[in-house]
Amino acid sequence: MERPKVILKQGKEQSLLRFHPWIFSGAIKSVTAMPDEGQVVDVWSTDGKYLASGHFASGSIAVRILSFQPVDIDKTFWLSRINIALARRKAIGLYPNTTTNIFRLVHGEGDNLPGLIIDIYGDTAVMQCHSVGMYLARTAIADAVMQVLPETIKAVYDKSSGTLPYREKYNPTDGYLVGSESANTPCLEYGNKYHISWADGQKTGFFIDQRENRLLLQLYAQGKSVLNTFGYTGGFSVSALKGGANEVVTVDSSAPAVTFANRNVELNFGANAPHTGIAMDTFEYLRTCNRTFDIIVLDPPAFAKHSDALRNALQAYKRLNLAAIRRLNPGGLLFTFSCSQVVNKTDFRNAVFSAAAISGRPVSILHQLTQPADHPINIYHPEGEYLKGLVLSVL
Ligand code: SAH
């Protein structure tokens with residue numbers, strides 16, 4: 001079937017020639033036939049050159065590019081892209097792996113599949129569609145996942161109800177596209193066990209992107225007192241205990257998250273582990289805790305979702321980091337993160353710098369952290385770099 005053609009305004013093909021995976025609506029001169037939401041379209045330049053093919057959307061991102069070749073977007077296409085994504089994870093040893101069976105299989109633009117996230121939790125794949133195009137293809141994508149990981153994956157769960165645009169129209173409900181809930185055996189990250197609840201948890205159930213940073217904390221934790229703020233399901237807390245921390249406090253404002261964190265600690269270390277979960281606002285806890293720690297982890301949710309909120313977000317990072325530095329013992333470590341995509345590395349470092357300067361303490365950067373290889377950044381789409389972290393030594 002002939003696909004609708006989207007013709008760009010003169011000069012607007014430049015970003016596509018540099019492989020940027022999005023076309024904004026303002027770049028479009030005309031269409032040969034009005035595409036449906038989510039339909040695959042071909043993109044052409046004003047002077048009649050084919051440029052790319054992608055999913056059409058009626059928002060400000062009008063086309064998300066799937067291919068720079070005029071290929072069919074069919075079963076073969078999904079299989080090929082998911083196989084390439086899997087090959088990257090295999091190359092770094094994430095699959096197959098006896099001690100880690102939690103990883104991200106598809107990371108949107110970073111895996112040349114804009115609008116699609118697929119996370120693997122043991123024998124279940126959890127899919128999240130951020131575009132209607134991906135949502136309409138979800139069954140074909142689920143089939144491809146089953147084919148690419150035939151021995152491993154028994155179920156594919158679609159969790160797009162919170163991420164899909166135009167929800168009123170598509171009325172998405174979360175649920176299994178393939179298989180059903182498994183026996184709920186714990187999933188593994190570096191041998192640490194986690195109960196993951198993709199149906200009820202935030203995102204797809206777990207913050208997979210902090211895997212390597214949690215391991216780094218484990219290496220520093222021996223004999224230390226550790227405060228894990230914004231702790232969610234207790235990932236950093238479990239890693240700290242695994243590394244031999246003598247005391248860990250998890251703080252999260254969500255009571256269900258603290259219950260999950262307590263449960264994950266118990267799953268790994270039993271009921272008597274030196275761990276306390278506290279359901280409280282982190283700023284409030286740091287203000288009132290009346291004690292200090294050897295290591296503090298700050299992993300807040302994105303303070304700025306849009307660039308208009310940038311100034312306030314930077315102020316919030318500064319206040320948070322200052323409050324934490326003041327609660328560190330001499331020689332202590334601060335693991336501090338930002339997952340706001342609109343806050344770049346330099347902005348974040350400046351906010352932390354201001355906090356350090358106000359504290360008046362000598363501070364050195366030991367590590368500069370980022371997202372792991374299963375959250376790749378498409379070099380033509382720098383917007384995909386979102387996770388930034390610093391490990392500071394505070395004297
Ligand atoms: N570090 C976690 C992920 C953190 S996600 C991990 O490794 O899995 C951010 C968490 O911050 C969420 O669980 C959310 O409930 C919590 N949160 C949001 N605002 C908060 C606040 N003001 N104080 C404490 N926790 C907060």
# chains A, B, ... in the order shown; residues from 1 in each chain; ligands from 1
>>> residues_around(residues="stretch 339-356 of chain A", least_positions_apart="6", cutoff="6 Å", atoms="only C-alpha atoms", output="JSON, numbers by chain")
{"A": [302, 304, 307, 314, 318, 321, 322, 386, 387]}
>>> residues_around(residues="A:Thr259", least_positions_apart="3", cutoff="9 Å", atoms="only C-alpha atoms", output="list in words")
Thr233, Ser254, Ala255, Pro256, Asn262, Arg263, Asn264, Gly277 and Ala279 of chain A
>>> write_last_selection(atoms="N, CA, C and O atoms", output="PDB file, in the first residue's frame")
ATOM      1  N   THR A 233      11.958   1.175  45.708  1.00  0.00           N
ATOM      2  CA  THR A 233      11.870  -0.214  46.166  1.00  0.00           C
ATOM      3  C   THR A 233      13.153  -0.689  46.867  1.00  0.00           C
ATOM      4  O   THR A 233      13.368  -1.879  47.050  1.00  0.00           O
ATOM      5  N   SER A 254       6.500   7.875  49.560  1.00  0.00           N
ATOM      6  CA  SER A 254       5.401   6.953  49.262  1.00  0.00           C
ATOM      7  C   SER A 254       5.444   5.751  50.214  1.00  0.00           C
ATOM      8  O   SER A 254       6.432   5.000  50.228  1.00  0.00           O
ATOM      9  N   ALA A 255       4.375   5.594  51.004  1.00  0.00           N
ATOM     10  CA  ALA A 255       4.339   4.477  51.957  1.00  0.00           C
ATOM     11  C   ALA A 255       4.413   3.116  51.246  1.00  0.00           C
ATOM     12  O   ALA A 255       5.139   2.226  51.695  1.00  0.00           O
ATOM     13  N   PRO A 256       3.696   2.916  50.111  1.00  0.00           N
ATOM     14  CA  PRO A 256       3.835   1.628  49.417  1.00  0.00           C
ATOM     15  C   PRO A 256       5.272   1.370  48.972  1.00  0.00           C
ATOM     16  O   PRO A 256       5.749   0.232  49.018  1.00  0.00           O
ATOM     17  N   ASN A 262      11.200  -2.440  52.297  1.00  0.00           N
ATOM     18  CA  ASN A 262      11.347  -3.330  53.457  1.00  0.00           C
ATOM     19  C   ASN A 262      11.296  -4.786  53.014  1.00  0.00           C
ATOM     20  O   ASN A 262      12.060  -5.629  53.475  1.00  0.00           O
ATOM     21  N   ARG A 263      10.364  -5.057  52.085  1.00  0.00           N
ATOM     22  CA  ARG A 263      10.188  -6.434  51.624  1.00  0.00           C
ATOM     23  C   ARG A 263      11.434  -6.918  50.874  1.00  0.00           C
ATOM     24  O   ARG A 263      11.880  -8.050  51.058  1.00  0.00           O
ATOM     25  N   ASN A 264      12.016  -6.055  50.058  1.00  0.00           N
ATOM     26  CA  ASN A 264      13.209  -6.466  49.305  1.00  0.00           C
ATOM     27  C   ASN A 264      14.414  -6.668  50.223  1.00  0.00           C
ATOM     28  O   ASN A 264      15.213  -7.582  50.014  1.00  0.00           O
ATOM     29  N   GLY A 277      12.978   1.542  57.249  1.00  0.00           N
ATOM     30  CA  GLY A 277      12.282   2.234  56.162  1.00  0.00           C
ATOM     31  C   GLY A 277      11.396   3.328  56.751  1.00  0.00           C
ATOM     32  O   GLY A 277      10.666   3.081  57.710  1.00  0.00           O
ATOM     33  N   ALA A 279       8.614   6.417  55.765  1.00  0.00           N
ATOM     34  CA  ALA A 279       7.788   7.092  54.763  1.00  0.00           C
ATOM     35  C   ALA A 279       7.729   8.576  55.125  1.00  0.00           C
ATOM     36  O   ALA A 279       6.996   8.981  56.026  1.00  0.00           O
TER      37      ALA A 279
END
>>> residues_around(residues="A:Pro21", least_positions_apart="2", cutoff="8 Å", atoms="only C-alpha atoms", output="PyMOL selection string")
chain A and resi 16+19+23+64-66+109+112+114+380-381
>>> write_last_selection(atoms="C-alpha atoms", output="tab-separated table (two decimals), in the first residue's frame")
chain	number	residue	atom	x	y	z
A	16	LEU	CA	17.11	14.29	9.17
A	19	PHE	CA	19.85	11.22	11.50
A	23	ILE	CA	10.32	15.78	12.83
A	64	ARG	CA	9.21	9.58	14.89
A	65	ILE	CA	11.67	8.02	12.47
A	66	LEU	CA	11.87	4.24	12.30
A	109	GLU	CA	15.62	6.40	20.30
A	112	ASN	CA	16.36	3.28	16.92
A	114	PRO	CA	11.48	5.92	19.15
A	380	TYR	CA	22.10	12.06	16.86
A	381	HIS	CA	19.52	12.52	19.64
>>> select_by_dssp(residues="stretch 255-395 of chain A", states="helix (DSSP H, G or I)", output="ChimeraX atom specification")
/A:255-269,282-288,307-325,345-359,382-384
>>> residues_near_ligand(ligand="ligand 1", cutoff="7 Å", atoms="only C-alpha atoms and all ligand atoms", output="PyMOL selection string")
chain A and resi 206-207+210+229-236+251-254+257+280-283+299-301
>>> residues_around(residues="stretch 76-89 of chain A", least_positions_apart="3", cutoff="7 Å", atoms="only C-alpha atoms", output="ChimeraX atom specification")
/A:73,92-95,105-106,111,141,144,148,374
>>> write_last_selection(atoms="C-alpha atoms", output="PDB file, in the first residue's frame")
ATOM      1  CA  ILE A  73       7.489  -1.816   8.831  1.00  0.00           C
ATOM      2  CA  ILE A  92      28.082  -6.535  27.493  1.00  0.00           C
ATOM      3  CA  GLY A  93      27.107  -9.787  29.233  1.00  0.00           C
ATOM      4  CA  LEU A  94      23.624  -8.771  30.350  1.00  0.00           C
ATOM      5  CA  TYR A  95      22.115 -11.767  28.592  1.00  0.00           C
ATOM      6  CA  LEU A 105      15.963  -4.631  26.063  1.00  0.00           C
ATOM      7  CA  VAL A 106      14.745  -1.611  24.066  1.00  0.00           C
ATOM      8  CA  ASP A 111      17.828   1.582  19.999  1.00  0.00           C
ATOM      9  CA  ILE A 141       6.271  -6.231  18.746  1.00  0.00           C
ATOM     10  CA  ALA A 144       8.922 -10.416  17.921  1.00  0.00           C
ATOM     11  CA  VAL A 148      13.927 -13.250  19.822  1.00  0.00           C
ATOM     12  CA  ASP A 374      21.233  -0.921  28.151  1.00  0.00           C
TER      13      ASP A 374
END
>>> closest_residue(among="A:Asp294, A:Glu2, A:Asp158, A:Asp174", to="A:Ala221", atoms="only C-alpha atoms")
A:Asp294
>>> closest_residue(among="A:Val6, A:Ile120, A:Ala324, A:Val363", to="A:Trp198", atoms="only C-alpha atoms")
A:Ile120
>>> closest_residue(among="A:Tyr220, A:Phe337, A:Phe56, A:Tyr170", to="A:Asp36", atoms="only C-alpha atoms")
A:Phe56
>>> residues_around(residues="A:Lys169", least_positions_apart="5", cutoff="12 Å", atoms="only C-alpha atoms", output="count of residues only")
4
>>> residues_around(residues="A:Leu328", least_positions_apart="2", cutoff="12 Å", atoms="only C-alpha atoms", output="PyMOL selection string")
chain A and resi 224-227+286+290-297+321-326+330-335+356+359+361+363+392-395
>>> write_last_selection(atoms="C-alpha atoms", output="compact mmCIF listing (two decimals), in the first residue's frame")
# COMPACT_ATOMS: atom_id res chain seq x y z
CA LYS A 224 29.26 2.40 56.81
CA SER A 225 26.01 4.04 57.88
CA VAL A 226 23.99 4.76 54.74
CA LEU A 227 20.98 7.01 54.12
CA LEU A 286 17.06 15.84 56.36
CA ASN A 290 19.21 15.15 64.01
CA ARG A 291 22.06 12.81 63.09
CA THR A 292 24.74 12.23 60.43
CA PHE A 293 25.68 9.41 58.02
CA ASP A 294 28.81 8.09 56.30
CA ILE A 295 27.09 7.84 52.90
CA ILE A 296 23.98 9.57 51.57
CA VAL A 297 22.21 8.73 48.30
CA ASN A 321 22.40 18.71 48.08
CA LEU A 322 23.22 21.32 50.70
CA ALA A 323 20.92 19.65 53.22
CA ALA A 324 22.56 16.29 52.52
CA ILE A 325 26.15 17.59 52.68
CA ARG A 326 25.33 19.02 56.12
CA PRO A 330 33.76 14.03 57.80
CA GLY A 331 35.17 11.86 55.00
CA GLY A 332 31.63 10.94 53.95
CA LEU A 333 30.35 10.26 50.47
CA LEU A 334 27.42 11.79 48.63
CA PHE A 335 25.91 9.86 45.72
CA ALA A 356 29.19 22.55 48.32
CA SER A 359 28.44 24.26 53.08
CA ARG A 361 33.44 22.03 53.33
CA VAL A 363 34.50 18.53 48.41
CA LEU A 392 31.48 13.39 46.12
CA SER A 393 33.96 12.96 48.91
CA VAL A 394 33.15 15.50 51.63
CA LEU A 395 35.81 16.28 54.27
>>> select_by_dssp(residues="stretch 319-369 of chain A", states="strand (DSSP E)", output="number ranges by chain")
A: 328-338, 363-369
>>> write_last_selection(atoms="N, CA and C atoms", output="short mmCIF file (atom, residue, chain, number, x, y, z; two decimals), in the first residue's frame")
data_model
loop_
_atom_site.label_atom_id
_atom_site.label_comp_id
_atom_site.auth_asym_id
_atom_site.auth_seq_id
_atom_site.Cartn_x
_atom_site.Cartn_y
_atom_site.Cartn_z
N LEU A 328 26.48 14.83 56.41
CA LEU A 328 27.53 13.84 56.17
C LEU A 328 28.63 13.93 57.23
N ASN A 329 29.10 12.78 57.69
CA ASN A 329 30.25 12.74 58.58
C ASN A 329 31.49 13.19 57.81
N PRO A 330 32.51 13.68 58.49
CA PRO A 330 33.76 14.03 57.80
C PRO A 330 34.30 12.80 57.06
N GLY A 331 34.71 12.99 55.82
CA GLY A 331 35.17 11.86 55.00
C GLY A 331 34.02 11.09 54.37
N GLY A 332 32.82 11.63 54.49
CA GLY A 332 31.63 10.94 53.95
C GLY A 332 31.50 11.06 52.45
N LEU A 333 30.58 10.26 51.92
CA LEU A 333 30.35 10.26 50.47
C LEU A 333 28.91 10.65 50.16
N LEU A 334 28.77 11.46 49.12
CA LEU A 334 27.42 11.79 48.63
C LEU A 334 27.26 11.22 47.23
N PHE A 335 26.29 10.34 47.06
CA PHE A 335 25.91 9.86 45.72
C PHE A 335 24.71 10.70 45.30
N THR A 336 24.92 11.62 44.37
CA THR A 336 23.83 12.54 44.04
C THR A 336 23.48 12.46 42.55
N PHE A 337 22.17 12.41 42.25
CA PHE A 337 21.72 12.17 40.87
C PHE A 337 20.69 13.19 40.43
N SER A 338 20.59 13.32 39.11
CA SER A 338 19.46 14.03 38.49
C SER A 338 19.03 13.23 37.28
N VAL A 363 35.26 19.56 49.13
CA VAL A 363 34.50 18.53 48.41
C VAL A 363 35.25 18.18 47.12
N SER A 364 35.42 16.90 46.85
CA SER A 364 36.03 16.46 45.58
C SER A 364 35.10 15.49 44.87
N ILE A 365 35.14 15.53 43.55
CA ILE A 365 34.34 14.59 42.75
C ILE A 365 35.16 13.31 42.54
N LEU A 366 34.62 12.18 42.98
CA LEU A 366 35.32 10.90 42.78
C LEU A 366 34.84 10.19 41.51
N HIS A 367 33.55 10.28 41.22
CA HIS A 367 32.99 9.60 40.04
C HIS A 367 31.98 10.51 39.37
N GLN A 368 31.92 10.41 38.05
CA GLN A 368 30.87 11.07 37.28
C GLN A 368 30.07 9.97 36.64
N LEU A 369 28.80 9.89 36.99
CA LEU A 369 28.01 8.71 36.62
C LEU A 369 26.96 9.05 35.56
#
>>> residues_around(residues="A:Trp44", least_positions_apart="2", cutoff="9 Å", atoms="only C-alpha atoms", output="list in words")
Lys5, Val6, Ile7, Leu8, Glu13, Asp42, Thr46, Asp47, Gly48, Lys49, Tyr50, Leu51 and Ala52 of chain A
>>> write_last_selection(atoms="all heavy atoms", output="compact mmCIF listing (two decimals), in the first residue's frame")
# COMPACT_ATOMS: atom_id res chain seq x y z
N LYS A 5 2.75 10.64 2.05
CA LYS A 5 4.05 11.33 2.01
C LYS A 5 3.94 12.61 2.81
O LYS A 5 2.99 13.39 2.64
CB LYS A 5 4.37 11.74 0.58
CG LYS A 5 5.10 10.70 -0.22
CD LYS A 5 5.56 11.33 -1.53
CE LYS A 5 5.92 10.24 -2.51
NZ LYS A 5 6.19 10.76 -3.84
N VAL A 6 4.94 12.84 3.67
CA VAL A 6 5.05 14.09 4.42
C VAL A 6 6.18 14.87 3.75
O VAL A 6 7.31 14.38 3.69
CB VAL A 6 5.37 13.79 5.90
CG1 VAL A 6 5.78 15.05 6.63
CG2 VAL A 6 4.19 13.11 6.58
N ILE A 7 5.86 16.05 3.24
CA ILE A 7 6.88 16.82 2.53
C ILE A 7 7.35 17.98 3.42
O ILE A 7 6.53 18.73 3.95
CB ILE A 7 6.33 17.31 1.18
CG1 ILE A 7 6.01 16.06 0.33
CG2 ILE A 7 7.35 18.19 0.44
CD1 ILE A 7 5.00 16.25 -0.73
N LEU A 8 8.66 18.06 3.57
CA LEU A 8 9.22 19.06 4.50
C LEU A 8 9.42 20.39 3.81
O LEU A 8 9.61 20.46 2.59
CB LEU A 8 10.56 18.57 5.04
CG LEU A 8 10.55 17.26 5.83
CD1 LEU A 8 11.92 16.99 6.43
CD2 LEU A 8 9.48 17.30 6.93
N GLU A 13 15.12 19.55 5.98
CA GLU A 13 15.60 18.17 5.91
C GLU A 13 16.97 18.01 6.60
O GLU A 13 17.43 16.90 6.81
CB GLU A 13 15.70 17.69 4.45
CG GLU A 13 16.79 18.33 3.60
CD GLU A 13 16.42 19.73 3.11
OE1 GLU A 13 15.35 20.25 3.51
OE2 GLU A 13 17.22 20.33 2.37
N ASP A 42 6.06 8.21 4.78
CA ASP A 42 7.38 8.47 4.19
C ASP A 42 7.62 9.97 4.22
O ASP A 42 6.69 10.76 3.97
CB ASP A 42 7.43 7.97 2.75
CG ASP A 42 7.42 6.44 2.70
OD1 ASP A 42 7.89 5.81 3.67
OD2 ASP A 42 6.93 5.89 1.69
N THR A 46 11.47 18.94 -0.10
CA THR A 46 10.74 19.75 -1.07
C THR A 46 11.18 19.44 -2.50
O THR A 46 10.38 19.43 -3.43
CB THR A 46 11.03 21.25 -0.82
OG1 THR A 46 10.81 21.49 0.54
CG2 THR A 46 10.15 22.15 -1.65
N ASP A 47 12.50 19.17 -2.66
CA ASP A 47 12.98 18.92 -4.02
C ASP A 47 12.91 17.44 -4.41
O ASP A 47 13.66 16.98 -5.27
CB ASP A 47 14.38 19.52 -4.23
CG ASP A 47 15.36 19.04 -3.18
OD1 ASP A 47 14.95 18.22 -2.32
OD2 ASP A 47 16.53 19.46 -3.20
N GLY A 48 12.01 16.71 -3.77
CA GLY A 48 11.66 15.39 -4.27
C GLY A 48 12.60 14.25 -3.91
O GLY A 48 12.71 13.27 -4.65
N LYS A 49 13.28 14.34 -2.76
CA LYS A 49 14.15 13.22 -2.34
C LYS A 49 13.52 12.50 -1.15
O LYS A 49 13.09 13.14 -0.18
CB LYS A 49 15.52 13.73 -1.91
CG LYS A 49 16.44 14.10 -3.05
CD LYS A 49 17.89 14.16 -2.53
CE LYS A 49 18.75 15.04 -3.39
NZ LYS A 49 18.59 16.48 -3.14
N TYR A 50 13.52 11.15 -1.22
CA TYR A 50 13.08 10.35 -0.07
C TYR A 50 14.09 10.54 1.06
O TYR A 50 15.30 10.47 0.84
CB TYR A 50 12.98 8.87 -0.44
CG TYR A 50 12.83 7.98 0.78
CD1 TYR A 50 11.57 7.71 1.32
CD2 TYR A 50 13.96 7.44 1.42
CE1 TYR A 50 11.44 6.93 2.46
CE2 TYR A 50 13.82 6.65 2.55
CZ TYR A 50 12.56 6.40 3.07
OH TYR A 50 12.42 5.63 4.20
N LEU A 51 13.59 10.73 2.30
CA LEU A 51 14.50 10.94 3.43
C LEU A 51 14.40 9.84 4.48
O LEU A 51 15.41 9.34 4.97
CB LEU A 51 14.20 12.28 4.10
CG LEU A 51 14.42 13.53 3.25
CD1 LEU A 51 13.77 14.75 3.89
CD2 LEU A 51 15.91 13.78 3.05
N ALA A 52 13.17 9.47 4.85
CA ALA A 52 13.02 8.54 5.97
C ALA A 52 11.56 8.09 6.07
O ALA A 52 10.68 8.65 5.39
CB ALA A 52 13.43 9.23 7.28
>>> closest_residue(among="A:Met127, A:Val248, A:Val63, A:Arg211", to="A:Asp143", atoms="only C-alpha atoms")
A:Met127
